[in-house]
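**Q** Below is the file final_8.cif, which contains mmCIF, C-alpha atoms.
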data_entry
loop_
_atom_site.label_atom_id
_atom_site.label_comp_id
_atom_site.auth_asym_id
_atom_site.auth_seq_id
_atom_site.Cartn_x
_atom_site.Cartn_y
_atom_site.Cartn_z
CA MET A 1 14.42 22.13 -14.55
CA SER A 2 17.78 23.37 -13.24
CA ILE A 3 18.94 23.67 -9.63
CA PRO A 4 18.76 27.33 -8.49
CA VAL A 5 21.84 29.20 -7.24
CA VAL A 6 21.24 31.54 -4.27
CA ASP A 7 23.62 33.97 -2.56
CA PHE A 8 23.64 33.10 1.17
CA GLY A 9 25.99 35.95 2.04
CA ALA A 10 23.44 37.79 4.20
CA CYS A 11 23.37 34.79 6.59
CA SER A 12 27.00 33.78 6.10
CA LEU A 13 28.94 32.51 9.09
CA ARG A 14 30.92 35.73 8.81
CA GLU A 15 27.82 37.83 9.50
CA LYS A 16 26.39 38.47 12.96
CA ASP A 17 23.14 40.16 11.99
CA VAL A 18 20.78 40.04 9.03
CA SER A 19 18.16 42.65 8.20
CA GLU A 20 14.50 41.71 7.89
CA GLU A 21 14.56 42.77 4.23
CA GLN A 22 17.48 40.42 3.53
CA MET A 23 15.82 37.58 5.43
CA ILE A 24 12.57 37.99 3.50
CA SER A 25 14.38 37.91 0.15
CA LEU A 26 16.56 34.94 1.07
CA SER A 27 13.71 32.94 2.60
CA LYS A 28 11.60 33.40 -0.54
CA ASP A 29 14.45 32.09 -2.70
CA LEU A 30 14.92 29.02 -0.50
CA GLU A 31 11.20 28.30 -0.27
CA THR A 32 10.87 28.44 -4.06
CA ALA A 33 13.80 26.08 -4.53
CA PHE A 34 12.67 23.62 -1.85
CA THR A 35 9.07 23.47 -3.06
CA GLU A 36 9.80 23.23 -6.78
CA VAL A 37 13.11 21.32 -6.99
CA GLY A 38 14.07 20.14 -3.50
CA PHE A 39 17.66 21.29 -4.09
CA VAL A 40 19.47 24.65 -4.09
CA PHE A 41 23.08 25.82 -4.44
CA LEU A 42 24.14 28.31 -1.73
CA LYS A 43 27.06 30.66 -2.38
CA ASN A 44 29.04 32.62 0.23
CA THR A 45 28.18 30.46 3.24
CA GLY A 46 31.28 31.41 5.23
CA ILE A 47 32.93 27.99 5.22
CA THR A 48 36.21 28.43 3.37
CA GLN A 49 37.82 26.20 0.78
CA GLU A 50 40.82 25.88 3.11
CA GLU A 51 38.61 24.30 5.77
CA VAL A 52 37.17 21.90 3.22
CA ASP A 53 40.61 20.98 1.90
CA ARG A 54 41.90 20.16 5.38
CA VAL A 55 39.03 17.77 6.07
CA MET A 56 39.46 16.09 2.71
CA ALA A 57 43.22 15.71 3.07
CA ILE A 58 43.05 14.02 6.48
CA SER A 59 40.14 11.82 5.38
CA LYS A 60 42.04 10.71 2.30
CA THR A 61 45.04 9.86 4.48
CA PHE A 62 42.89 7.57 6.61
CA PHE A 63 41.05 5.86 3.75
CA LEU A 64 44.25 5.14 1.77
CA GLN A 65 45.61 2.99 4.59
CA PRO A 66 45.45 -0.82 4.24
CA ASP A 67 42.24 -2.37 5.57
CA GLU A 68 44.11 -4.02 8.44
CA GLU A 69 45.15 -0.56 9.67
CA LYS A 70 41.55 0.69 9.55
CA GLN A 71 40.02 -2.44 11.10
CA PRO A 72 40.58 -1.36 14.75
CA PHE A 73 38.24 1.56 14.08
CA SER A 74 35.42 -0.52 12.58
CA ARG A 75 31.84 0.46 13.25
CA LYS A 76 30.13 -1.38 16.12
CA SER A 77 33.44 -1.85 17.93
CA PHE A 78 32.86 1.19 20.17
CA ALA A 79 30.95 0.57 23.38
CA GLY A 80 28.16 3.10 23.77
CA SER A 81 28.56 4.40 20.19
CA PRO A 82 27.44 1.54 17.91
CA ASN A 83 27.40 3.68 14.75
CA HIS A 84 30.84 5.22 15.29
CA GLY A 85 33.73 4.09 13.12
CA TRP A 86 34.87 2.75 9.76
CA VAL A 87 32.57 0.95 7.29
CA SER A 88 34.40 -1.20 4.75
CA PHE A 89 34.05 -1.09 0.96
CA GLY A 90 30.81 -2.38 -0.57
CA ILE A 91 29.05 -3.17 2.72
CA GLU A 92 26.21 -0.66 2.49
CA ARG A 93 23.39 -0.45 -0.07
CA LEU A 94 21.36 2.75 -0.26
CA ASN A 95 19.12 1.06 -2.82
CA PRO A 96 18.49 -2.47 -1.50
CA SER A 97 17.62 -3.72 -5.00
CA ARG A 98 21.17 -3.04 -6.22
CA PRO A 99 24.52 -4.61 -5.25
CA GLY A 100 26.57 -2.96 -2.49
CA ASP A 101 27.59 0.66 -3.01
CA LEU A 102 31.17 1.13 -4.19
CA LYS A 103 32.33 3.26 -1.27
CA GLU A 104 33.80 3.23 2.22
CA ALA A 105 32.71 5.36 5.17
CA PHE A 106 33.80 6.68 8.53
CA ASN A 107 31.12 7.73 11.05
CA ILE A 108 31.77 10.17 13.86
CA THR A 109 28.98 9.97 16.43
CA SER A 110 30.89 10.86 19.60
CA LEU A 111 33.03 13.88 20.45
CA GLN A 112 33.85 12.57 23.92
CA PRO A 113 37.54 12.70 24.93
CA ASP A 114 37.72 8.98 25.71
CA ILE A 115 36.63 7.80 22.24
CA LYS A 116 39.25 6.09 20.11
CA TRP A 117 40.53 8.12 17.12
CA PRO A 118 42.94 7.35 14.27
CA SER A 119 46.25 8.99 15.14
CA GLU A 120 49.21 7.12 13.67
CA ALA A 121 49.10 7.65 9.90
CA ALA A 122 46.30 10.25 10.10
CA LYS A 123 47.76 12.72 12.58
CA GLY A 124 45.36 15.54 13.41
CA PHE A 125 42.33 13.48 12.33
CA ARG A 126 40.36 14.16 15.51
CA GLU A 127 41.07 17.90 15.70
CA ILE A 128 40.28 18.59 12.04
CA GLN A 129 37.12 16.49 11.95
CA THR A 130 35.65 17.83 15.19
CA SER A 131 36.38 21.42 14.18
CA PHE A 132 34.57 20.92 10.89
CA PHE A 133 31.74 19.20 12.75
CA GLN A 134 31.13 22.42 14.66
CA ARG A 135 31.33 24.59 11.54
CA CYS A 136 28.79 22.39 9.75
CA LYS A 137 26.55 22.60 12.79
CA GLU A 138 26.68 26.41 12.73
CA LEU A 139 25.88 26.59 9.02
CA SER A 140 23.08 24.04 9.33
CA LEU A 141 21.40 26.06 12.07
CA ARG A 142 21.52 29.18 9.91
CA VAL A 143 19.91 27.37 6.99
CA LEU A 144 17.21 25.97 9.28
CA LYS A 145 16.55 29.46 10.65
CA VAL A 146 15.89 30.80 7.16
CA MET A 147 13.68 27.82 6.38
CA ALA A 148 11.58 28.47 9.49
CA PHE A 149 11.24 32.12 8.50
CA SER A 150 10.03 31.11 5.03
CA LEU A 151 7.23 29.10 6.68
CA GLY A 152 6.20 31.97 8.93
CA LEU A 153 7.48 30.15 12.03
CA ASP A 154 9.57 31.23 14.98
CA PRO A 155 13.14 30.04 14.18
CA GLU A 156 13.21 28.25 17.54
CA VAL A 157 10.84 25.64 16.10
CA PHE A 158 13.79 24.16 14.20
CA LEU A 159 16.73 25.50 16.20
CA SER A 160 15.58 24.07 19.52
CA ALA A 161 15.26 20.62 17.95
CA HIS A 162 18.97 20.76 17.08
CA ARG A 163 20.36 22.45 20.18
CA PHE A 164 22.05 19.29 21.50
CA ILE A 165 24.15 18.62 18.39
CA GLY A 166 27.53 17.29 19.44
CA GLU A 167 26.57 16.66 23.06
CA GLU A 168 26.67 13.33 24.84
CA GLY A 169 23.56 11.26 24.20
CA ASN A 170 22.79 13.06 20.95
CA CYS A 171 22.76 10.97 17.77
CA SER A 172 24.39 13.51 15.46
CA THR A 173 26.84 11.89 13.05
CA LEU A 174 29.58 13.38 10.92
CA ARG A 175 30.14 10.81 8.18
CA THR A 176 32.87 10.79 5.56
CA LEU A 177 32.50 8.64 2.45
CA TYR A 178 35.29 7.49 0.16
CA TYR A 179 34.78 6.69 -3.53
CA PRO A 180 37.96 4.96 -4.74
CA PRO A 181 38.74 4.29 -8.41
CA VAL A 182 36.99 1.13 -9.63
CA LYS A 183 37.84 -1.56 -12.15
CA HIS A 184 34.82 -1.64 -14.45
CA GLU A 185 35.40 -5.27 -15.37
CA GLU A 186 34.81 -6.15 -11.70
CA VAL A 187 31.65 -4.07 -11.25
CA LYS A 188 28.43 -6.06 -10.83
CA GLU A 189 25.37 -5.39 -12.96
CA GLY A 190 23.48 -2.37 -11.63
CA GLN A 191 26.19 -1.42 -9.13
CA LEU A 192 26.69 2.32 -8.38
CA ARG A 193 28.71 4.60 -6.13
CA CYS A 194 25.46 5.32 -4.26
CA GLY A 195 22.15 3.76 -5.22
CA GLU A 196 18.96 5.74 -5.65
CA HIS A 197 17.75 7.10 -2.33
CA SER A 198 16.23 10.08 -0.60
CA ASP A 199 17.73 11.30 2.66
CA TYR A 200 15.66 10.39 5.70
CA GLY A 201 16.29 13.50 7.79
CA SER A 202 15.69 17.22 7.54
CA ILE A 203 18.32 18.72 5.20
CA THR A 204 21.59 17.79 3.52
CA LEU A 205 24.47 20.16 2.83
CA LEU A 206 26.80 19.00 0.06
CA PHE A 207 30.11 20.73 -0.64
CA LYS A 208 31.42 20.63 -4.21
CA SER A 209 29.31 17.89 -5.76
CA SER A 210 31.22 15.09 -7.44
CA VAL A 211 30.81 14.08 -11.06
CA GLY A 212 28.07 11.45 -11.25
CA LEU A 213 25.60 13.02 -8.82
CA GLN A 214 22.09 12.96 -10.30
CA VAL A 215 18.79 14.33 -8.96
CA ARG A 216 15.39 13.02 -10.03
CA GLN A 217 13.04 15.63 -11.48
CA ARG A 218 9.26 15.67 -11.16
CA SER A 219 9.08 14.11 -14.64
CA GLY A 220 10.91 11.06 -13.30
CA GLU A 221 14.06 11.74 -15.31
CA PHE A 222 17.39 12.22 -13.55
CA LEU A 223 19.19 15.56 -13.84
CA CYS A 224 23.00 15.73 -13.64
CA ALA A 225 23.89 18.15 -10.85
CA PRO A 226 26.55 20.59 -12.06
CA ALA A 227 29.57 21.58 -10.01
CA VAL A 228 29.27 25.20 -8.80
CA PRO A 229 32.69 26.25 -7.41
CA GLY A 230 32.52 27.40 -3.81
CA ALA A 231 28.80 26.65 -3.45
CA VAL A 232 27.03 24.28 -1.06
CA LEU A 233 24.31 22.05 -2.50
CA VAL A 234 21.39 21.84 -0.05
CA ASN A 235 18.48 19.44 -0.33
CA ILE A 236 15.35 18.60 1.62
CA ALA A 237 15.06 15.18 3.25
CA ASP A 238 12.10 12.92 4.01
CA LEU A 239 11.30 13.97 7.56
CA MET A 240 11.29 17.65 6.64
CA GLN A 241 8.90 16.90 3.77
CA ARG A 242 6.66 14.93 6.12
CA TRP A 243 6.70 17.60 8.82
CA THR A 244 5.90 20.40 6.36
CA GLY A 245 2.98 18.52 4.85
CA ASP A 246 4.77 18.01 1.52
CA HIS A 247 5.40 21.76 1.24
CA PHE A 248 9.15 21.12 0.94
CA VAL A 249 9.98 18.12 -1.27
CA SER A 250 12.53 15.37 -0.76
CA VAL A 251 13.63 13.79 -4.03
CA LEU A 252 15.60 10.73 -5.07
CA HIS A 253 19.24 11.13 -6.02
CA ARG A 254 22.17 8.84 -6.79
CA VAL A 255 25.87 8.81 -7.64
CA LEU A 256 26.83 7.04 -10.85
CA LEU A 257 30.10 5.36 -11.70
CA PRO A 258 32.44 7.32 -13.97
CA PRO A 259 32.47 6.11 -17.59
CA PRO A 260 35.34 3.70 -18.40
CA TRP A 261 37.08 6.27 -20.61
CA ARG A 262 37.22 9.04 -18.00
CA PRO A 263 40.25 9.35 -15.68
CA GLN A 264 39.19 8.54 -12.12
CA HIS A 265 39.92 10.59 -9.00
CA PRO A 266 39.28 9.35 -5.45
CA THR A 267 36.42 11.36 -3.93
CA VAL A 268 35.62 11.89 -0.26
CA SER A 269 32.24 13.03 1.04
CA GLY A 270 30.42 13.13 4.36
CA PHE A 271 27.41 14.34 6.29
CA LEU A 272 26.53 15.57 9.73
CA ARG A 273 23.39 13.85 11.00
CA ALA A 274 21.99 16.02 13.79
CA ALA A 275 19.42 14.53 16.15
CA GLY A 276 17.15 16.58 18.43
CA ARG A 277 15.64 14.67 21.33
CA ARG A 278 13.90 17.43 23.27
CA GLY A 279 11.57 20.32 22.62
CA ALA A 280 8.98 18.02 21.04
CA ASP A 281 6.05 19.72 22.79
CA LEU A 282 7.08 23.10 21.38
CA LEU A 283 7.46 21.61 17.91
CA LEU A 284 4.09 19.88 18.25
CA ARG A 285 2.39 23.17 19.07
CA ARG A 286 4.08 25.36 16.46
CA ILE A 287 4.47 23.16 13.39
CA GLN A 288 0.71 22.62 13.19
CA GLN A 289 0.57 26.07 11.57
CA ILE A 290 2.61 25.02 8.52
CA PRO A 291 0.37 24.80 5.43
CA SER A 292 0.50 21.59 3.42
CA SER A 293 0.77 21.52 -0.35
CA ASP A 294 -3.00 21.24 -0.85
CA GLY A 295 -3.86 24.13 1.46
CA ARG A 296 -4.74 22.04 4.50
CA ARG A 297 -2.89 22.51 7.80
CA ILE A 298 -1.06 19.94 9.85
CA HIS A 299 -2.85 19.51 13.18
CA ARG A 300 -2.10 17.88 16.51
CA ARG A 301 -3.84 14.61 15.61
CA ALA A 302 -1.68 14.17 12.50
CA LEU A 303 1.51 14.76 14.47
CA GLN A 304 0.44 12.36 17.19
CA SER A 305 -0.17 9.81 14.44
CA LEU A 306 3.36 10.45 13.20
CA ILE A 307 4.72 9.64 16.65
CA ARG A 308 2.71 6.42 16.84
CA THR A 309 3.73 5.16 13.40
CA LYS A 310 7.12 4.45 11.90
CA LEU A 311 8.11 6.87 9.20
CA ASN A 312 8.96 4.84 6.10
CA PRO A 313 8.79 7.08 3.00
CA CYS A 314 11.70 5.43 1.19
CA THR A 315 13.69 2.23 1.07
CA SER A 316 16.77 3.89 2.58
CA LEU A 317 14.99 4.72 5.85
CA LYS A 318 16.01 2.56 8.77
CA SER A 319 13.54 1.34 11.37
CA TYR A 320 13.42 3.62 14.40
CA THR A 321 11.31 3.46 17.53
CA HIS A 322 8.11 5.53 17.60
CA GLN A 323 9.74 8.15 19.80
CA GLU A 324 12.86 8.39 17.64
CA VAL A 325 10.79 9.10 14.53
CA PHE A 326 9.60 12.31 16.15
CA TYR A 327 12.38 13.30 18.52
CA GLN A 328 15.29 12.61 16.21
CA PHE A 329 14.89 15.59 13.90
CA TYR A 330 17.59 14.45 11.53
CA GLN A 331 19.62 17.00 9.64
CA HIS A 332 22.43 16.00 7.33
CA THR A 333 25.37 18.14 6.45
CA VAL A 334 27.03 16.51 3.48
CA PHE A 335 30.30 17.65 2.05
CA THR A 336 31.88 16.27 -1.12
CA PHE A 337 35.04 17.40 -2.84
CA TRP A 338 37.63 16.32 -5.37
CA ILE A 339 40.94 15.23 -3.90
#
Hey, can you dump this file as structure tokens for me?
**A**
Amino acid sequence: MSIPVVDFGACSLREKDVSEEQMISLSKDLETAFTEVGFVFLKNTGITQEEVDRVMAISKTFFLQPDEEKQPFSRKSFAGSPNHGWVSFGIERLNPSRPGDLKEAFNITSLQPDIKWPSEAAKGFREIQTSFFQRCKELSLRVLKVMAFSLGLDPEVFLSAHRFIGEEGNCSTLRTLYYPPVKHEEVKEGQLRCGEHSDYGSITLLFKSSVGLQVRQRSGEFLCAPAVPGAVLVNIADLMQRWTGDHFVSVLHRVLLPPPWRPQHPTVSGFLRAAGRRGADLLLRRIQQIPSSDGRRIHRRALQSLIRTKLNPCTSLKSYTHQEVFYQFYQHTVFTFWI
């Protein structure tokens, strides 16, 4: 089964209004993709290649610095923003059964003016990253609006859960990942760029997928995701699957190492993790109308159970408090490009 390609032009960031006829057609295409595959390519989103190139250029500048230059920006060194900052090579493991992933990362969880930003070698880092943060937020909200429409819901069900993206106290995270060239003779058995995992939020937006990205099909086999120039690869994550009663599906994916004979290019990627902490009562009332995959409907008791229990559908999911499981309606905006 291949990943569908859908024209998102009707809801592009360049458009102010969309007709009901266009919304119906687009929502049907997204619903089909998200229920059958879990992934879809969106063309004509309104985010330009120039914007993408600027983010990738400044990210590459930061990551290519010596580790001692990046160390002052290490994660957990920012008071009040424990997830903000640089994560060194090989520290994280998306699949705990494998060795550390062969990547670095930089997390942006605060847009406050007093936060410390790289500025010496990576001039303009803050301005470029925060600008793209806002653009990803805008596109994410438009995708969520179409998704709500496809479920027969008021768009505010999803939009209100994300209305505090980028504000103080919100857990949204713009995260850039760096895949440097690797020496295959030094790679450990089973080690990958990113181990098998499913995203633990609502959606992921991926710009220009890198070679090596694979998506697991219903058969259990992994499908190589092609590169579709100018398109955004969108996938459903675990919490969205849970909240829609398995109507939308979240599937495993991974990033393989390049074969030894292929020339290697450093690749940078990232995602915006948007957390909604309010509007839970509205969501509780409205999402109960979403049909599950077997025809049953989610009801208040099931959602209350979700609040009381920790959501743990995959090994990559971290342990959150009972309230965070429900209130933090995670949405990822992932962007990946060749440098």
**Q** How many Å separate atom CA of A:Leu177 from atom CA of A:Ile203?
**A**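 Going from atom CA of A:Leu177 over to atom CA of A:Ile203, I get 17.6 Å.
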**Q** Residues at most 9 Å from A:Leu141, counting only C-alpha atoms, excluding those fewer than 5 positions away in the same chain, as a ChimeraX atom specification?
**A** /A:136,146,158-159,162-163
**Q** Run through the PyMOL selection byres ((chain A and resi 7-15) around 10) on the given coordinates and return the selected residues as a list in words.
**A**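 Those residues are Val5, Val6, Lys16, Asp17, Val18, Ser19, Gln22, Met23, Ser25, Leu26, Asp29, Leu30, Phe41, Leu42, Lys43, Asn44, Thr45, Gly46, Ile47, Arg135, Glu138, Leu139, Arg142, Val143, Lys145, Val146, Ala231 and Val232 of chain A.
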**Q** List every protein, DNA or RNA residue with an atom no more than 12 Å from (42.5, -0.6, 5.7) in the file's coordinates, counting all atoms listed in the file, and format the result as JSON, numbers by chain.
**A** {"A": [60, 61, 62, 63, 64, 65, 66, 67, 68, 69, 70, 71, 72, 73, 74, 86, 87, 88, 89, 104, 105, 106, 118, 121]}
**Q** Just the selected residues (C-alpha atoms), exported as a compact mmCIF listing (two decimals), keeping the file's coordinate frame, please.
**A**
# COMPACT_ATOMS: atom_id res chain seq x y z
CA LYS A 60 42.04 10.71 2.30
CA THR A 61 45.04 9.86 4.48
CA PHE A 62 42.89 7.57 6.61
CA PHE A 63 41.05 5.86 3.75
CA LEU A 64 44.25 5.14 1.77
CA GLN A 65 45.61 2.99 4.59
CA PRO A 66 45.45 -0.82 4.24
CA ASP A 67 42.24 -2.37 5.57
CA GLU A 68 44.11 -4.02 8.44
CA GLU A 69 45.15 -0.56 9.67
CA LYS A 70 41.55 0.69 9.55
CA GLN A 71 40.02 -2.44 11.10
CA PRO A 72 40.58 -1.36 14.75
CA PHE A 73 38.24 1.56 14.08
CA SER A 74 35.42 -0.52 12.58
CA TRP A 86 34.87 2.75 9.76
CA VAL A 87 32.57 0.95 7.29
CA SER A 88 34.40 -1.20 4.75
CA PHE A 89 34.05 -1.09 0.96
CA GLU A 104 33.80 3.23 2.22
CA ALA A 105 32.71 5.36 5.17
CA PHE A 106 33.80 6.68 8.53
CA PRO A 118 42.94 7.35 14.27
CA ALA A 121 49.10 7.65 9.90
**Q** Spell out the residues picked by the PyMOL selection byres ((chain A and resi 181-197) around 10) here, as a PyMOL selection string.
**A** chain A and resi 90+92-104+178-180+198-200+212-216+250-260+263-267+314-317
**Q** Could you take the residues named above and write them with C-alpha atoms, as a PDB file, keeping the file's coordinate frame?
**A**
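Final file, out-v4.pdb:
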ATOM      1  CA  GLY A  90      30.810  -2.380  -0.570  1.00  0.00           C
ATOM      2  CA  GLU A  92      26.210  -0.660   2.490  1.00  0.00           C
ATOM      3  CA  ARG A  93      23.390  -0.450  -0.070  1.00  0.00           C
ATOM      4  CA  LEU A  94      21.360   2.750  -0.260  1.00  0.00           C
ATOM      5  CA  ASN A  95      19.120   1.060  -2.820  1.00  0.00           C
ATOM      6  CA  PRO A  96      18.490  -2.470  -1.500  1.00  0.00           C
ATOM      7  CA  SER A  97      17.620  -3.720  -5.000  1.00  0.00           C
ATOM      8  CA  ARG A  98      21.170  -3.040  -6.220  1.00  0.00           C
ATOM      9  CA  PRO A  99      24.520  -4.610  -5.250  1.00  0.00           C
ATOM     10  CA  GLY A 100      26.570  -2.960  -2.490  1.00  0.00           C
ATOM     11  CA  ASP A 101      27.590   0.660  -3.010  1.00  0.00           C
ATOM     12  CA  LEU A 102      31.170   1.130  -4.190  1.00  0.00           C
ATOM     13  CA  LYS A 103      32.330   3.260  -1.270  1.00  0.00           C
ATOM     14  CA  GLU A 104      33.800   3.230   2.220  1.00  0.00           C
ATOM     15  CA  TYR A 178      35.290   7.490   0.160  1.00  0.00           C
ATOM     16  CA  TYR A 179      34.780   6.690  -3.530  1.00  0.00           C
ATOM     17  CA  PRO A 180      37.960   4.960  -4.740  1.00  0.00           C
ATOM     18  CA  SER A 198      16.230  10.080  -0.600  1.00  0.00           C
ATOM     19  CA  ASP A 199      17.730  11.300   2.660  1.00  0.00           C
ATOM     20  CA  TYR A 200      15.660  10.390   5.700  1.00  0.00           C
ATOM     21  CA  GLY A 212      28.070  11.450 -11.250  1.00  0.00           C
ATOM     22  CA  LEU A 213      25.600  13.020  -8.820  1.00  0.00           C
ATOM     23  CA  GLN A 214      22.090  12.960 -10.300  1.00  0.00           C
ATOM     24  CA  VAL A 215      18.790  14.330  -8.960  1.00  0.00           C
ATOM     25  CA  ARG A 216      15.390  13.020 -10.030  1.00  0.00           C
ATOM     26  CA  SER A 250      12.530  15.370  -0.760  1.00  0.00           C
ATOM     27  CA  VAL A 251      13.630  13.790  -4.030  1.00  0.00           C
ATOM     28  CA  LEU A 252      15.600  10.730  -5.070  1.00  0.00           C
ATOM     29  CA  HIS A 253      19.240  11.130  -6.020  1.00  0.00           C
ATOM     30  CA  ARG A 254      22.170   8.840  -6.790  1.00  0.00           C
ATOM     31  CA  VAL A 255      25.870   8.810  -7.640  1.00  0.00           C
ATOM     32  CA  LEU A 256      26.830   7.040 -10.850  1.00  0.00           C
ATOM     33  CA  LEU A 257      30.100   5.360 -11.700  1.00  0.00           C
ATOM     34  CA  PRO A 258      32.440   7.320 -13.970  1.00  0.00           C
ATOM     35  CA  PRO A 259      32.470   6.110 -17.590  1.00  0.00           C
ATOM     36  CA  PRO A 260      35.340   3.700 -18.400  1.00  0.00           C
ATOM     37  CA  PRO A 263      40.250   9.350 -15.680  1.00  0.00           C
ATOM     38  CA  GLN A 264      39.190   8.540 -12.120  1.00  0.00           C
ATOM     39  CA  HIS A 265      39.920  10.590  -9.000  1.00  0.00           C
ATOM     40  CA  PRO A 266      39.280   9.350  -5.450  1.00  0.00           C
ATOM     41  CA  THR A 267      36.420  11.360  -3.930  1.00  0.00           C
ATOM     42  CA  CYS A 314      11.700   5.430   1.190  1.00  0.00           C
ATOM     43  CA  THR A 315      13.690   2.230   1.070  1.00  0.00           C
ATOM     44  CA  SER A 316      16.770   3.890   2.580  1.00  0.00           C
ATOM     45  CA  LEU A 317      14.990   4.720   5.850  1.00  0.00           C
TER      46      LEU A 317
END
**Q** Using the chain letters and numbers from the file, which residues does the PyMOL selection byres ((chain A and resi 54) around 12) grab, as a ChimeraX atom specification?
**A** /A:47-53,55-61,122-132,268,337,339
**Q** Store the residues picked out above in a file with C-alpha atoms, as an mmCIF file, in the frame of the given file.
**A**
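The result, stored in part.cif:
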data_model
loop_
_atom_site.group_PDB
_atom_site.id
_atom_site.type_symbol
_atom_site.label_atom_id
_atom_site.label_comp_id
_atom_site.auth_asym_id
_atom_site.auth_seq_id
_atom_site.Cartn_x
_atom_site.Cartn_y
_atom_site.Cartn_z
ATOM 1 C CA ILE A 47 32.930 27.990 5.220
ATOM 2 C CA THR A 48 36.210 28.430 3.370
ATOM 3 C CA GLN A 49 37.820 26.200 0.780
ATOM 4 C CA GLU A 50 40.820 25.880 3.110
ATOM 5 C CA GLU A 51 38.610 24.300 5.770
ATOM 6 C CA VAL A 52 37.170 21.900 3.220
ATOM 7 C CA ASP A 53 40.610 20.980 1.900
ATOM 8 C CA VAL A 55 39.030 17.770 6.070
ATOM 9 C CA MET A 56 39.460 16.090 2.710
ATOM 10 C CA ALA A 57 43.220 15.710 3.070
ATOM 11 C CA ILE A 58 43.050 14.020 6.480
ATOM 12 C CA SER A 59 40.140 11.820 5.380
ATOM 13 C CA LYS A 60 42.040 10.710 2.300
ATOM 14 C CA THR A 61 45.040 9.860 4.480
ATOM 15 C CA ALA A 122 46.300 10.250 10.100
ATOM 16 C CA LYS A 123 47.760 12.720 12.580
ATOM 17 C CA GLY A 124 45.360 15.540 13.410
ATOM 18 C CA PHE A 125 42.330 13.480 12.330
ATOM 19 C CA ARG A 126 40.360 14.160 15.510
ATOM 20 C CA GLU A 127 41.070 17.900 15.700
ATOM 21 C CA ILE A 128 40.280 18.590 12.040
ATOM 22 C CA GLN A 129 37.120 16.490 11.950
ATOM 23 C CA THR A 130 35.650 17.830 15.190
ATOM 24 C CA SER A 131 36.380 21.420 14.180
ATOM 25 C CA PHE A 132 34.570 20.920 10.890
ATOM 26 C CA VAL A 268 35.620 11.890 -0.260
ATOM 27 C CA PHE A 337 35.040 17.400 -2.840
ATOM 28 C CA ILE A 339 40.940 15.230 -3.900
#
